[in-house]
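Down below is the structure, laid out as structure tokens.
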Amino acid sequence: MPEFSIGVDLGGTNLRIAAVSRDGGLLEKVTLGTKVALGRDHVINEMCDAIQRLSSKYKSTGIFLGAGIGIPGIIDMQTGMLRKSANLPGFEDYPVRREIERRLGARVVLENDANLAALGEQWLGAARGIGNVAVVTLGTGIGGGIVLEGKIWHGMNGMAGEFGHVTVEPQGYLCGCGNHGCAERYASASAIMRMAGEAIASGEAPSFAQAASSDPEFGAKSIYNLAIQGDEHARRIFRSFGRYLGILLAGLINTLNLDMYVIGGGVSSAWDAYAPKMFEELRARSLVYAATAPDNPLGSSPSGTEEGASSQTESRSERKTVITLALLGSDAGLYGAARVAVPAG
Ligand SMILES: [Zn+2]
């Protein structure tokens, strides 16, 4: 009988659940709202009900291996308890894993959602077939995860991969974490809006003020659209974004020397606006990147031209540092959750 697991993405607004076969095939996906306001027990009840409905449906034809649950917060991997979660009040210091295991009567793994997004991309996405990868997720803030030899690297106590709080500007803006100049203050959706707000306030970007007053959904996407249309202020914002993302990645590359770095999250799709500056920064700041950069890091022009083939024969056999976009979008965490539920071996 085919084996399957259940992946759960427990966010502050959505509860998404998927049944996934052991070889990565999606059997079924369900999206429910997370009624966080109704309290922890309500959220856990709803989640367990949904997992049970889905698992019993596929148990008739397959073997249920367990459930992986992605949570936005820091998790104590030993106890299966949340140390800290801004979006799920009441979950701290509560035996979440033990409680869910008791109700389901199945193996349950709790994991940080950014770590699971990294594992999902490594298993079935941009880094499929690549053992060692770091995934940097650019959203409102910056999330991250490191996968080594196909396994999430947790660090000593589950806190590895906090890329968003690496300093990129020593005297920079204050971050919620208490540090100044964290990467997520400079290369995230909120950073784009901060820069746009500053440009509007200074009176030097009338195009932004106009867009902001006419577009009720004025946001990072609007600034991107302006950049693509050639608006100089918008382009400057994405160059700054690319520069700081490059500074962050240069540090990761020099430290880790991994095969691949995957950029995901909502803002990552503005790639053509920030990537040129990011690659320029990487070459300037990382000796490891400069030594291992692919011939065509942006991946936009055709490779394997005759000239390239004759002059690059030597370097082609060497391994390159690849920086690329994530492929699975918000499903990465869901696939990662299903993957982590599969027992090793
Ligand atoms: Zn910070």
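Lettering and numbering for the structure tokens are positional, with chains as A, B, ... in the shown order, residues counted from 1 in each chain, and ligands counted from 1 in the shown order.
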- Within 8 Å of ligand 1, which residues show up when you count only C-alpha atoms and all ligand atoms? List them as a PyMOL selection string, please. chain A and resi 164-167+174-185
*asked:* Please list as a list in words every residue within 10 Å of Ala37 in chain A, counting only C-alpha atoms and excluding residues in the same chain fewer than 6 positions away.
replied: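 The filter keeps Gly12, Val43, Leu88 and Pro89 of chain A.
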Exercise. Using only C-alpha atoms, determine which residues lie at most 6 Å from range 237-245 of chain A, disregarding the query and same-chain residues fewer than 2 positions distant; provide the list as JSON, numbers by chain.
Key: {"A": [187, 234, 235, 247, 248, 273, 274, 275, 277, 278, 281]}
Would you tabulate, counting only C-alpha atoms, all residues of range 124-161 of chain A that have an atom at most 8 Å from an atom of range 93-117 of chain A, showing the closest pair of atoms and their distance in Å to one decimal, sorted by chain then ascending number, as a Markdown table?
| residue | atom | partner | partner_atom | distance |
| --- | --- | --- | --- | --- |
| A:Val135 | CA | A:Ala117 | CA | 7.7 |
| A:Thr137 | CA | A:Ala114 | CA | 7.4 |
| A:Gly143 | CA | A:Ala114 | CA | 5.7 |
| A:Gly144 | CA | A:Ala114 | CA | 5.4 |
| A:Gly145 | CA | A:Asn115 | CA | 4.4 |
| A:Ile146 | CA | A:Asn115 | CA | 6.9 |
| A:Ile152 | CA | A:Asn115 | CA | 6.6 |
| A:Gly161 | CA | A:Asn115 | CA | 7.8 |
- Item | Top pick for closest residue to Gly329 in chain A, considering A:Ile223, A:Ser202, A:Gly230, A:Gly139 and counting only C-alpha atoms |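 Of A:Ile223, A:Ser202, A:Gly230, A:Gly139, the one nearest Gly329 in chain A, counting only C-alpha atoms, is A:Gly139.
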Output as a ChimeraX atom specification all residues of range 53-103 of chain A that backbone DSSP marks as strand (DSSP E). /A:63-71,74-76,81-84
Practice prompt. Could you jot down the CA of Ala67 in chain A to CA of Ala338 in chain A separation for me, Å, one decimal place?
Written response: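 Computing it gives 6.5 Å between the two atoms.
Closest approach to Ala86 in chain A among A:Glu198, A:Gly120, A:Gly11, A:Asp259 is made by A:Gly11 (distances from only C-alpha atoms).
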| message | DSSP on the backbone: which residues in range 154-255 of chain A end up as alpha helix (DSSP H)? Give the answer as a PyMOL selection string. | response | chain A and resi 189-201+206-214+220-228+232-255
Selection export as a CSV table (one decimal), in the first residue's frame, atoms kept: C-alpha atoms:
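Here's the written file result.csv:
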chain,number,residue,atom,x,y,z
A,189,ALA,CA,8.1,44.2,1.9
A,190,SER,CA,8.0,46.4,4.9
A,191,ALA,CA,11.4,47.8,4.0
A,192,ILE,CA,10.1,48.8,0.6
A,193,MET,CA,7.1,50.5,2.2
A,194,ARG,CA,9.4,52.3,4.7
A,195,MET,CA,11.6,53.6,1.8
A,196,ALA,CA,8.5,54.6,-0.2
A,197,GLY,CA,7.0,56.4,2.8
A,198,GLU,CA,10.3,58.3,3.3
A,199,ALA,CA,10.4,59.3,-0.4
A,200,ILE,CA,6.8,60.5,-0.2
A,201,ALA,CA,7.4,62.5,3.0
A,206,PRO,CA,5.3,62.7,-6.5
A,207,SER,CA,4.8,59.5,-8.5
A,208,PHE,CA,4.5,57.5,-5.3
A,209,ALA,CA,2.2,60.1,-3.7
A,210,GLN,CA,0.0,59.9,-6.7
A,211,ALA,CA,0.0,56.1,-6.8
A,212,ALA,CA,-0.7,55.9,-3.0
A,213,SER,CA,-3.7,58.2,-3.3
A,214,SER,CA,-5.3,56.5,-6.3
A,220,ALA,CA,5.4,46.8,-2.4
A,221,LYS,CA,3.8,45.4,-5.6
A,222,SER,CA,2.9,49.0,-6.7
A,223,ILE,CA,6.4,50.2,-6.2
A,224,TYR,CA,7.6,47.2,-8.2
A,225,ASN,CA,5.3,48.1,-11.1
A,226,LEU,CA,6.6,51.7,-11.0
A,227,ALA,CA,10.2,50.4,-11.1
A,228,ILE,CA,9.4,48.2,-14.1
A,232,GLU,CA,13.7,56.3,-11.0
A,233,HIS,CA,12.6,56.5,-7.3
A,234,ALA,CA,11.1,53.0,-7.4
A,235,ARG,CA,14.2,51.7,-9.2
A,236,ARG,CA,16.4,53.2,-6.5
A,237,ILE,CA,14.4,51.5,-3.8
A,238,PHE,CA,14.9,48.1,-5.4
A,239,ARG,CA,18.6,48.8,-6.0
A,240,SER,CA,18.9,49.5,-2.2
A,241,PHE,CA,16.9,46.3,-1.6
A,242,GLY,CA,19.2,44.3,-3.8
A,243,ARG,CA,22.3,45.8,-2.2
A,244,TYR,CA,21.3,44.8,1.3
A,245,LEU,CA,20.1,41.4,0.2
A,246,GLY,CA,23.5,41.0,-1.5
A,247,ILE,CA,25.3,41.9,1.7
A,248,LEU,CA,23.2,39.3,3.6
A,249,LEU,CA,23.8,36.6,1.1
A,250,ALA,CA,27.6,37.4,0.8
A,251,GLY,CA,27.8,36.6,4.5
A,252,LEU,CA,25.9,33.4,4.2
A,253,ILE,CA,27.9,32.3,1.2
A,254,ASN,CA,31.3,33.0,2.9
A,255,THR,CA,30.1,31.2,6.0
Across A:Trp153, A:Phe91, A:Phe279, A:Trp123, the smallest distance to Pro72 in chain A, with only C-alpha atoms counted, is shown by A:Phe91
